[in-house]
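Everything below belongs to work_27.cif, which stores mmCIF, C-alpha atoms.
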data_coords
#
loop_
_atom_site.group_PDB
_atom_site.id
_atom_site.type_symbol
_atom_site.label_atom_id
_atom_site.label_comp_id
_atom_site.auth_asym_id
_atom_site.auth_seq_id
_atom_site.Cartn_x
_atom_site.Cartn_y
_atom_site.Cartn_z
ATOM 1 C CA MET O 1 -75.722 15.720 -4.939
ATOM 2 C CA GLU O 2 -72.235 14.586 -5.945
ATOM 3 C CA ARG O 3 -71.908 12.530 -9.125
ATOM 4 C CA THR O 4 -70.809 9.449 -7.141
ATOM 5 C CA GLU O 5 -74.057 9.564 -5.157
ATOM 6 C CA GLU O 6 -76.081 10.097 -8.335
ATOM 7 C CA ILE O 7 -74.679 6.949 -9.929
ATOM 8 C CA TYR O 8 -75.235 5.050 -6.687
ATOM 9 C CA GLN O 9 -78.864 6.193 -6.560
ATOM 10 C CA ALA O 10 -79.387 5.371 -10.245
ATOM 11 C CA LEU O 11 -78.320 1.784 -9.540
ATOM 12 C CA LEU O 12 -80.748 1.564 -6.628
ATOM 13 C CA ASP O 13 -83.533 3.044 -8.770
ATOM 14 C CA ALA O 14 -82.807 0.358 -11.377
ATOM 15 C CA GLY O 15 -83.832 -2.287 -8.860
ATOM 16 C CA ILE O 16 -80.484 -3.339 -7.441
ATOM 17 C CA SER O 17 -80.762 -3.721 -3.672
ATOM 18 C CA GLU O 18 -78.329 -1.961 -1.359
ATOM 19 C CA GLU O 19 -76.963 -5.290 -0.156
ATOM 20 C CA GLU O 20 -76.396 -6.588 -3.689
ATOM 21 C CA LEU O 21 -74.825 -3.291 -4.733
ATOM 22 C CA MET O 22 -72.475 -3.344 -1.751
ATOM 23 C CA ALA O 23 -71.523 -6.921 -2.657
ATOM 24 C CA GLN O 24 -70.713 -5.867 -6.232
ATOM 25 C CA ILE O 25 -68.692 -2.879 -5.003
ATOM 26 C CA ASN O 26 -66.753 -5.134 -2.652
ATOM 27 C CA GLU O 27 -66.038 -7.626 -5.447
ATOM 28 C CA LYS O 28 -64.730 -4.829 -7.679
ATOM 29 C CA GLU O 29 -62.529 -3.441 -4.901
ATOM 30 C CA ILE O 30 -61.034 -6.889 -4.350
ATOM 31 C CA GLU O 31 -60.656 -7.478 -8.110
ATOM 32 C CA PHE O 32 -58.826 -4.203 -8.666
ATOM 33 C CA GLN O 33 -56.994 -4.422 -5.308
ATOM 34 C CA GLY O 34 -57.782 -0.844 -4.321
ATOM 35 C CA SER O 35 -56.604 0.586 -7.652
ATOM 36 C CA MET O 36 -59.904 2.282 -8.646
ATOM 37 C CA ASN O 37 -61.829 5.006 -6.907
ATOM 38 C CA LYS O 38 -65.482 4.616 -5.953
ATOM 39 C CA LYS O 39 -66.860 6.672 -8.842
ATOM 40 C CA THR O 40 -65.074 4.507 -11.416
ATOM 41 C CA ILE O 41 -66.232 1.297 -9.716
ATOM 42 C CA LEU O 42 -69.860 2.474 -9.676
ATOM 43 C CA TYR O 43 -69.656 3.422 -13.332
ATOM 44 C CA LEU O 44 -68.324 -0.036 -14.250
ATOM 45 C CA ILE O 45 -71.124 -1.674 -12.234
ATOM 46 C CA ALA O 46 -73.674 0.500 -14.037
ATOM 47 C CA LYS O 47 -72.317 -0.581 -17.436
ATOM 48 C CA GLU O 48 -72.311 -4.256 -16.444
ATOM 49 C CA ASN O 49 -75.922 -4.025 -15.250
ATOM 50 C CA GLY O 50 -77.132 -2.051 -18.275
ATOM 51 C CA VAL O 51 -77.954 1.034 -16.219
ATOM 52 C CA LYS O 52 -77.545 4.248 -18.229
ATOM 53 C CA VAL O 53 -75.721 6.981 -16.330
ATOM 54 C CA ASP O 54 -74.208 8.685 -19.373
ATOM 55 C CA SER O 55 -72.697 12.122 -19.015
ATOM 56 C CA SER O 56 -69.642 13.894 -20.336
ATOM 57 C CA GLU O 57 -67.946 13.154 -17.004
ATOM 58 C CA ASN O 58 -68.719 9.442 -17.228
ATOM 59 C CA ASN O 59 -67.529 9.328 -20.821
ATOM 60 C CA GLU O 60 -64.239 10.782 -19.613
ATOM 61 C CA ILE O 61 -64.016 8.026 -17.001
ATOM 62 C CA LEU O 62 -64.642 5.393 -19.669
ATOM 63 C CA ASP O 63 -62.041 6.967 -21.929
ATOM 64 C CA ARG O 64 -59.506 6.846 -19.109
ATOM 65 C CA ILE O 65 -60.169 3.144 -18.591
ATOM 66 C CA THR O 66 -60.238 2.051 -22.234
ATOM 67 C CA GLU O 67 -57.482 4.289 -23.550
ATOM 68 C CA ASP O 68 -55.233 4.126 -20.499
ATOM 69 C CA ILE O 69 -55.239 7.931 -20.176
ATOM 70 C CA ILE O 70 -55.480 7.952 -16.420
ATOM 71 C CA ASP O 71 -54.897 9.892 -13.277
ATOM 72 C CA TYR O 72 -52.491 7.502 -11.600
ATOM 73 C CA ASN O 73 -53.541 8.783 -8.180
ATOM 74 C CA ASP O 74 -56.898 7.030 -8.701
ATOM 75 C CA PHE O 75 -55.057 3.710 -8.993
ATOM 76 C CA ALA O 76 -52.519 4.129 -6.188
ATOM 77 C CA ILE O 77 -52.519 1.778 -3.197
ATOM 78 C CA PRO O 78 -50.718 1.955 0.169
ATOM 79 C CA ILE O 79 -47.422 0.087 0.263
ATOM 80 C CA SER O 80 -48.849 -2.106 3.032
ATOM 81 C CA ASN O 81 -51.429 -3.472 0.545
ATOM 82 C CA ILE O 82 -48.770 -5.087 -1.630
ATOM 83 C CA THR O 83 -48.768 -8.876 -1.699
ATOM 84 C CA GLU O 84 -46.700 -11.375 -3.669
ATOM 85 C CA ASN O 85 -47.232 -11.682 -7.449
ATOM 86 C CA MET O 86 -49.295 -8.528 -7.887
ATOM 87 C CA GLY O 87 -49.117 -6.696 -11.217
ATOM 88 C CA ASN O 88 -49.858 -3.179 -12.482
ATOM 89 C CA ILE O 89 -48.941 -1.735 -9.086
ATOM 90 C CA VAL O 90 -49.119 2.022 -8.524
ATOM 91 C CA ILE O 91 -47.555 3.338 -5.310
ATOM 92 C CA ALA O 92 -46.025 6.569 -4.048
ATOM 93 C CA GLY O 93 -43.555 7.205 -1.264
ATOM 94 C CA ARG O 94 -40.562 9.164 -0.079
ATOM 95 C CA ILE O 95 -37.119 7.924 -1.091
ATOM 96 C CA ILE O 96 -35.339 7.014 2.132
ATOM 97 C CA GLU O 97 -32.346 5.079 0.795
ATOM 98 C CA ILE O 98 -30.635 4.828 -2.607
ATOM 99 C CA HIS O 99 -28.714 1.601 -3.208
ATOM 100 C CA GLY O 100 -27.206 2.770 -6.487
ATOM 101 C CA LYS O 101 -26.727 0.652 -9.609
ATOM 102 C CA LYS O 102 -24.295 -1.958 -10.846
ATOM 103 C CA GLU O 103 -23.562 -3.921 -13.984
ATOM 104 C CA PHE O 104 -23.882 -7.683 -14.350
ATOM 105 C CA LEU O 105 -23.128 -10.218 -17.072
ATOM 106 C CA ARG O 106 -26.139 -11.831 -18.735
ATOM 107 C CA LYS O 107 -26.164 -15.464 -19.855
ATOM 108 C CA ASP O 108 -25.720 -14.341 -23.473
ATOM 109 C CA GLY O 109 -22.534 -12.492 -22.550
ATOM 110 C CA THR O 110 -23.981 -8.960 -22.750
ATOM 111 C CA LEU O 111 -23.913 -6.442 -19.907
ATOM 112 C CA GLY O 112 -27.017 -5.494 -17.994
ATOM 113 C CA THR O 113 -27.625 -2.940 -15.255
ATOM 114 C CA VAL O 114 -29.637 -3.236 -12.061
ATOM 115 C CA GLY O 115 -30.389 -0.562 -9.485
ATOM 116 C CA SER O 116 -32.640 -0.162 -6.489
ATOM 117 C CA PHE O 117 -33.883 2.230 -3.852
ATOM 118 C CA GLN O 118 -36.143 2.165 -0.817
ATOM 119 C CA ILE O 119 -39.367 4.160 -0.419
ATOM 120 C CA CYS O 120 -41.792 4.564 2.474
ATOM 121 C CA ASP O 121 -45.301 5.915 2.837
ATOM 122 C CA GLN O 122 -47.241 6.171 6.088
ATOM 123 C CA SER O 123 -48.149 2.487 5.986
ATOM 124 C CA ASP O 124 -44.904 0.650 5.176
ATOM 125 C CA CYS O 125 -41.661 0.524 3.165
ATOM 126 C CA VAL O 126 -40.584 -1.391 0.085
ATOM 127 C CA LYS O 127 -37.513 -1.869 -2.104
ATOM 128 C CA VAL O 128 -37.971 -0.777 -5.738
ATOM 129 C CA VAL O 129 -35.809 -2.564 -8.325
ATOM 130 C CA LEU O 130 -34.924 -1.092 -11.745
ATOM 131 C CA TRP O 131 -33.380 -2.737 -14.785
ATOM 132 C CA ASN O 132 -31.121 -1.463 -17.573
ATOM 133 C CA ASP O 133 -32.256 1.935 -19.007
ATOM 134 C CA GLN O 134 -34.629 2.382 -16.048
ATOM 135 C CA THR O 135 -31.620 2.858 -13.769
ATOM 136 C CA GLU O 136 -30.707 6.154 -15.465
ATOM 137 C CA ILE O 137 -33.049 8.009 -13.106
ATOM 138 C CA ILE O 138 -30.704 7.202 -10.222
ATOM 139 C CA SER O 139 -28.187 9.622 -11.777
ATOM 140 C CA ASN O 140 -30.803 12.401 -12.025
ATOM 141 C CA GLN O 141 -29.839 15.383 -9.851
ATOM 142 C CA PHE O 142 -33.379 15.513 -8.433
ATOM 143 C CA PHE O 143 -33.370 11.841 -7.444
ATOM 144 C CA GLN O 144 -32.489 12.307 -3.785
ATOM 145 C CA THR O 145 -33.475 10.951 -0.403
ATOM 146 C CA GLY O 146 -36.505 12.756 0.976
ATOM 147 C CA GLU O 147 -38.054 13.302 -2.471
ATOM 148 C CA VAL O 148 -41.519 11.928 -3.279
ATOM 149 C CA ILE O 149 -41.680 9.485 -6.180
ATOM 150 C CA GLN O 150 -44.534 7.605 -7.808
ATOM 151 C CA VAL O 151 -43.992 4.102 -9.194
ATOM 152 C CA VAL O 152 -46.416 3.232 -12.006
ATOM 153 C CA GLY O 153 -46.791 -0.197 -13.607
ATOM 154 C CA ALA O 154 -44.734 -2.442 -11.340
ATOM 155 C CA TYR O 155 -44.989 -6.032 -10.169
ATOM 156 C CA SER O 156 -44.126 -7.671 -6.848
ATOM 157 C CA LYS O 157 -42.005 -10.716 -6.080
ATOM 158 C CA LYS O 158 -39.935 -12.116 -3.253
ATOM 159 C CA GLY O 159 -36.283 -11.136 -3.103
ATOM 160 C CA ILE O 160 -33.490 -11.540 -0.591
ATOM 161 C CA LYS O 161 -34.581 -13.195 2.686
ATOM 162 C CA ASP O 162 -38.092 -13.629 1.222
ATOM 163 C CA ASN O 163 -38.775 -9.890 1.525
ATOM 164 C CA LEU O 164 -41.257 -8.504 -0.980
ATOM 165 C CA GLU O 165 -39.800 -6.252 -3.668
ATOM 166 C CA VAL O 166 -41.408 -4.103 -6.332
ATOM 167 C CA HIS O 167 -39.853 -4.374 -9.817
ATOM 168 C CA LEU O 168 -40.613 -1.782 -12.484
ATOM 169 C CA SER O 169 -42.017 -3.458 -15.603
ATOM 170 C CA LYS O 170 -40.774 -2.683 -19.116
ATOM 171 C CA GLN O 171 -43.793 -0.441 -19.680
ATOM 172 C CA GLY O 172 -43.592 1.090 -16.205
ATOM 173 C CA LYS O 173 -42.557 4.610 -15.309
ATOM 174 C CA LEU O 174 -41.231 6.644 -12.389
ATOM 175 C CA LEU O 175 -42.584 10.128 -11.661
ATOM 176 C CA LEU O 176 -40.489 12.415 -9.456
ATOM 177 C CA ALA O 177 -42.439 14.977 -7.395
ATOM 178 C CA PRO O 178 -45.787 13.870 -8.905
ATOM 179 C CA LYS O 179 -48.664 16.331 -8.894
ATOM 180 C CA GLY O 180 -51.532 15.859 -6.482
ATOM 181 C CA ILE O 181 -49.584 13.777 -3.963
ATOM 182 C CA PHE O 182 -48.796 15.020 -0.480
ATOM 183 C CA LEU O 183 -46.834 12.804 1.860
ATOM 184 C CA PRO O 184 -45.766 14.054 5.281
ATOM 185 C CA GLU O 185 -42.311 13.162 6.477
ATOM 186 C CA VAL O 186 -42.301 9.456 7.296
ATOM 187 C CA LYS O 187 -41.576 8.858 10.961
ATOM 188 C CA ASN O 188 -41.211 5.820 13.199
ATOM 189 C CA VAL O 189 -40.736 3.444 10.262
ATOM 190 C CA ASP O 190 -37.989 0.818 10.166
ATOM 191 C CA HIS O 191 -36.044 1.875 7.090
ATOM 192 C CA SER O 192 -33.552 -0.971 7.317
ATOM 193 C CA LYS O 193 -35.689 -3.560 5.562
ATOM 194 C CA SER O 194 -38.277 -4.005 2.856
ATOM 195 C CA ILE O 195 -41.742 -5.377 3.457
ATOM 196 C CA GLU O 196 -41.585 -8.802 5.013
ATOM 197 C CA LYS O 197 -44.209 -11.479 4.921
ATOM 198 C CA LYS O 198 -47.562 -10.028 5.866
ATOM 199 C CA GLY O 199 -48.321 -10.397 9.532
ATOM 200 C CA SER O 200 -44.659 -10.134 10.500
ATOM 201 C CA LYS O 201 -45.080 -6.771 12.189
ATOM 202 C CA PRO O 202 -47.527 -7.321 15.034
ATOM 203 C CA GLY O 203 -48.157 -4.250 17.123
ATOM 204 C CA SER O 204 -47.954 -1.770 14.226
ATOM 205 C CA SER O 205 -50.780 0.523 13.163
ATOM 206 C CA LYS O 206 -53.249 -0.392 15.900
ATOM 207 C CA PHE O 207 -55.938 2.240 16.358
ATOM 208 C CA THR O 208 -58.705 2.739 18.844
ATOM 209 C CA ILE O 209 -62.105 2.673 17.181
ATOM 210 C CA GLU O 210 -62.559 6.382 17.851
ATOM 211 C CA GLU O 211 -59.309 7.044 15.953
ATOM 212 C CA LEU O 212 -60.527 4.973 12.998
ATOM 213 C CA TYR O 213 -63.128 7.610 12.142
ATOM 214 C CA SER O 214 -60.358 10.006 11.122
ATOM 215 C CA LYS O 215 -58.763 7.362 8.848
ATOM 216 C CA GLU O 216 -59.440 6.235 5.294
ATOM 217 C CA GLY O 217 -58.255 3.135 3.451
ATOM 218 C CA PHE O 218 -56.196 0.183 4.690
ATOM 219 C CA ILE O 219 -56.021 -0.611 8.412
ATOM 220 C CA HIS O 220 -53.459 -3.130 9.727
ATOM 221 C CA PHE O 221 -55.577 -4.184 12.686
ATOM 222 C CA VAL O 222 -58.056 -3.106 15.332
ATOM 223 C CA LYS O 223 -59.330 -4.814 18.482
ATOM 224 C CA GLY O 224 -62.735 -4.786 20.123
ATOM 225 C CA ILE O 225 -65.792 -6.617 21.426
ATOM 226 C CA VAL O 226 -68.234 -8.235 18.963
ATOM 227 C CA GLN O 227 -71.992 -7.831 18.757
ATOM 228 C CA VAL O 228 -73.352 -9.877 15.830
ATOM 229 C CA GLN O 229 -76.085 -8.153 13.838
ATOM 230 C CA GLU O 230 -76.750 -10.380 10.849
ATOM 231 C CA PHE O 231 -75.484 -13.269 8.726
ATOM 232 C CA LYS O 232 -77.151 -13.955 5.403
ATOM 233 C CA GLU O 233 -76.764 -15.583 2.023
ATOM 234 C CA LEU O 234 -77.067 -13.347 -1.048
ATOM 235 C CA THR O 235 -77.803 -14.103 -4.681
ATOM 236 C CA LEU O 236 -75.829 -11.784 -6.932
ATOM 237 C CA LYS O 237 -76.989 -10.429 -10.283
ATOM 238 C CA ASN O 238 -74.945 -13.074 -12.119
ATOM 239 C CA GLY O 239 -76.707 -15.817 -10.162
ATOM 240 C CA GLU O 240 -73.741 -16.647 -7.956
ATOM 241 C CA LYS O 241 -74.136 -17.077 -4.208
ATOM 242 C CA SER O 242 -72.330 -14.883 -1.717
ATOM 243 C CA PHE O 243 -72.508 -14.265 2.019
ATOM 244 C CA LEU O 244 -72.540 -11.235 4.279
ATOM 245 C CA LEU O 245 -71.735 -11.042 7.982
ATOM 246 C CA LYS O 246 -72.493 -7.791 9.815
ATOM 247 C CA PHE O 247 -71.406 -7.030 13.352
ATOM 248 C CA ILE O 248 -70.612 -4.104 15.636
ATOM 249 C CA LEU O 249 -67.071 -3.797 16.961
ATOM 250 C CA SER O 250 -66.702 -1.780 20.176
ATOM 251 C CA ASP O 251 -63.955 -0.703 22.558
ATOM 252 C CA ASP O 252 -63.741 1.830 25.377
ATOM 253 C CA THR O 253 -63.672 4.724 22.903
ATOM 254 C CA SER O 254 -66.439 4.022 20.371
ATOM 255 C CA SER O 255 -68.022 1.419 18.066
ATOM 256 C CA ILE O 256 -68.126 0.787 14.325
ATOM 257 C CA ARG O 257 -70.032 -1.424 11.876
ATOM 258 C CA VAL O 258 -68.102 -4.243 10.183
ATOM 259 C CA ASN O 259 -69.013 -6.031 6.937
ATOM 260 C CA ILE O 260 -67.390 -9.371 6.060
ATOM 261 C CA TRP O 261 -68.111 -10.698 2.558
ATOM 262 C CA GLY O 262 -68.037 -14.015 0.725
ATOM 263 C CA LEU O 263 -66.629 -17.223 2.171
ATOM 264 C CA GLN O 264 -64.741 -15.169 4.763
ATOM 265 C CA ALA O 265 -68.152 -14.277 6.202
ATOM 266 C CA VAL O 266 -68.903 -17.968 6.728
ATOM 267 C CA GLU O 267 -65.559 -18.674 8.396
ATOM 268 C CA CYS O 268 -65.784 -15.645 10.667
ATOM 269 C CA PHE O 269 -69.390 -16.391 11.634
ATOM 270 C CA LYS O 270 -68.283 -19.833 12.842
ATOM 271 C CA LYS O 271 -65.659 -18.278 15.111
ATOM 272 C CA ILE O 272 -67.522 -15.532 16.946
ATOM 273 C CA GLU O 273 -70.248 -15.052 19.510
ATOM 274 C CA ASP O 274 -71.632 -11.915 21.109
ATOM 275 C CA GLY O 275 -69.191 -10.611 23.692
ATOM 276 C CA ASN O 276 -66.080 -12.153 22.109
ATOM 277 C CA SER O 277 -62.950 -10.022 22.152
ATOM 278 C CA ILE O 278 -61.352 -10.136 18.697
ATOM 279 C CA LYS O 279 -58.451 -8.806 16.654
ATOM 280 C CA LEU O 280 -59.455 -7.872 13.102
ATOM 281 C CA SER O 281 -56.541 -7.510 10.685
ATOM 282 C CA ASN O 282 -56.147 -6.213 7.112
ATOM 283 C CA VAL O 283 -59.431 -4.379 6.639
ATOM 284 C CA ILE O 284 -60.508 -1.220 4.839
ATOM 285 C CA ILE O 285 -62.356 1.713 6.375
ATOM 286 C CA LYS O 286 -64.496 3.897 4.135
ATOM 287 C CA GLU O 287 -67.661 5.958 4.140
ATOM 288 C CA TYR O 288 -70.629 4.215 2.563
ATOM 289 C CA THR O 289 -73.041 6.281 0.498
ATOM 290 C CA TYR O 290 -76.136 4.452 1.667
ATOM 291 C CA SER O 291 -75.448 5.110 5.353
ATOM 292 C CA ASN O 292 -73.219 8.224 5.210
ATOM 293 C CA GLU O 293 -71.183 6.541 7.928
ATOM 294 C CA LYS O 294 -67.732 5.016 8.029
ATOM 295 C CA GLU O 295 -67.630 1.241 8.216
ATOM 296 C CA LEU O 296 -64.990 -1.470 8.128
ATOM 297 C CA SER O 297 -65.045 -3.933 5.235
ATOM 298 C CA SER O 298 -63.105 -7.131 4.577
ATOM 299 C CA THR O 299 -60.331 -7.631 2.004
ATOM 300 C CA LYS O 300 -58.814 -10.819 0.588
ATOM 301 C CA ARG O 301 -56.282 -10.802 3.451
ATOM 302 C CA THR O 302 -58.668 -10.097 6.334
ATOM 303 C CA ILE O 303 -58.034 -12.221 9.424
ATOM 304 C CA LEU O 304 -60.345 -12.481 12.449
ATOM 305 C CA GLU O 305 -58.856 -13.850 15.664
ATOM 306 C CA VAL O 306 -60.680 -14.427 18.939
ATOM 307 C CA ILE O 307 -58.393 -13.241 21.749
#
Let's see the structure in the file written out as structure tokens.
Amino acid sequence: MERTEEIYQALLDAGISEEELMAQINEKEIEFQGSMNKKTILYLIAKENGVKVDSSENNEILDRITEDIIDYNDFAIPISNITENMGNIVIAGRIIEIHGKKEFLRKDGTLGTVGSFQICDQSDCVKVVLWNDQTEIISNQFFQTGEVIQVVGAYSKKGIKDNLEVHLSKQGKLLLAPKGIFLPEVKNVDHSKSIEKKGSKPGSSKFTIEELYSKEGFIHFVKGIVQVQEFKELTLKNGEKSFLLKFILSDDTSSIRVNIWGLQAVECFKKIEDGNSIKLSNVIIKEYTYSNEKELSSTKRTILEVI
């Protein structure tokens, strides 16, 4: 049994129900915005619930969290997951355009430097902005279009034409050709602009349900027919109330379970009836330990539309 499954089972053995555990996992995934892997999330839940799952491996995980000695790949998110005013962003992509750098005059009369470049992964593109000494990397002989780069410790804000940009923080870093990251050549992506307001690219990244089973992580949208399974209220370990809506989404190719959490579950339950055709946007697909099957789960930006 893999260590992730062992921790999961230890939490169940401690008396936490599967539904409550899934609710806590979902809350952590939303809190950390996809920046932690499942093993780390389960370990944090175990600590918060007083469940002992100590091992040398878990101690290493704790050390990575508390001492900031981390594998940045565990914290990376797809570019399409970026929203306004996020912090501590970790992303990776191929450099597809270098805008260079230029000097500007600060209010105090001193000179500053700003530079930028565009990167894309398989989900989207974004402009990365650098300031002052950070711009030196642009002169590096290995900083070229087509190279893979990892951006660690950035924040997002709106720039020109309200497009989202990623700015490297003072403590941030750029890693050229980072280890453990493979990105195929990015194709069929509009390189002429940064990420625009979410929802501005209808028609992109639509999969059949059968195709979803070969995917992992963020999904822009999927369409199908609804069959409601269950809607219930949950009481979490901390005493707070939450909600869970479960339904099956089907199309001509296959079907998949969907879990909607929290107040979104209430809003979605009000909208749908068995047999409704819907478009479900901004969801995550992953394999759940308790079922050993892939399921769709809601995020903060999930939208359900009856079509």
Report task. Within 7 Å of Leu234 of chain O, counting all atoms listed in the file, which residues show up once you throw out same-chain ones fewer than 4 positions away? Write them as a PyMOL selection string, please. Result -> chain O and resi 241-243
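Closest approach to Gly15 of chain O among O:Asn85, O:Gly112, O:Lys279, O:Ala46 is made by O:Ala46 (distances from only C-alpha atoms).
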**Request:** Find, counting only C-alpha atoms, the residue in O:Lys223, O:Lys47, O:Lys300, O:Arg257 that gets nearest to Ile278 of chain O.
**Result:**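 Smallest distance to Ile278 of chain O is found for O:Lys223.
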**the PyMOL selection byres ((chain O and resi 252) around 12) resolved against shown file, as number ranges by chain** = O: 207-211, 223-225, 249-251, 253-256
Q. Taking the file as shown, what set of residues would the PyMOL selection byres ((chain O and resi 119-135) around 6) give back, as a PyMOL selection string?
A. chain O and resi 79-80+93-96+112-118+136-138+165-168+194-195
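The closest residue to Gly262 of chain O, picked from O:Val148, O:Glu27, O:Ser17, O:Ile181 and counting only C-alpha atoms, is O:Glu27.
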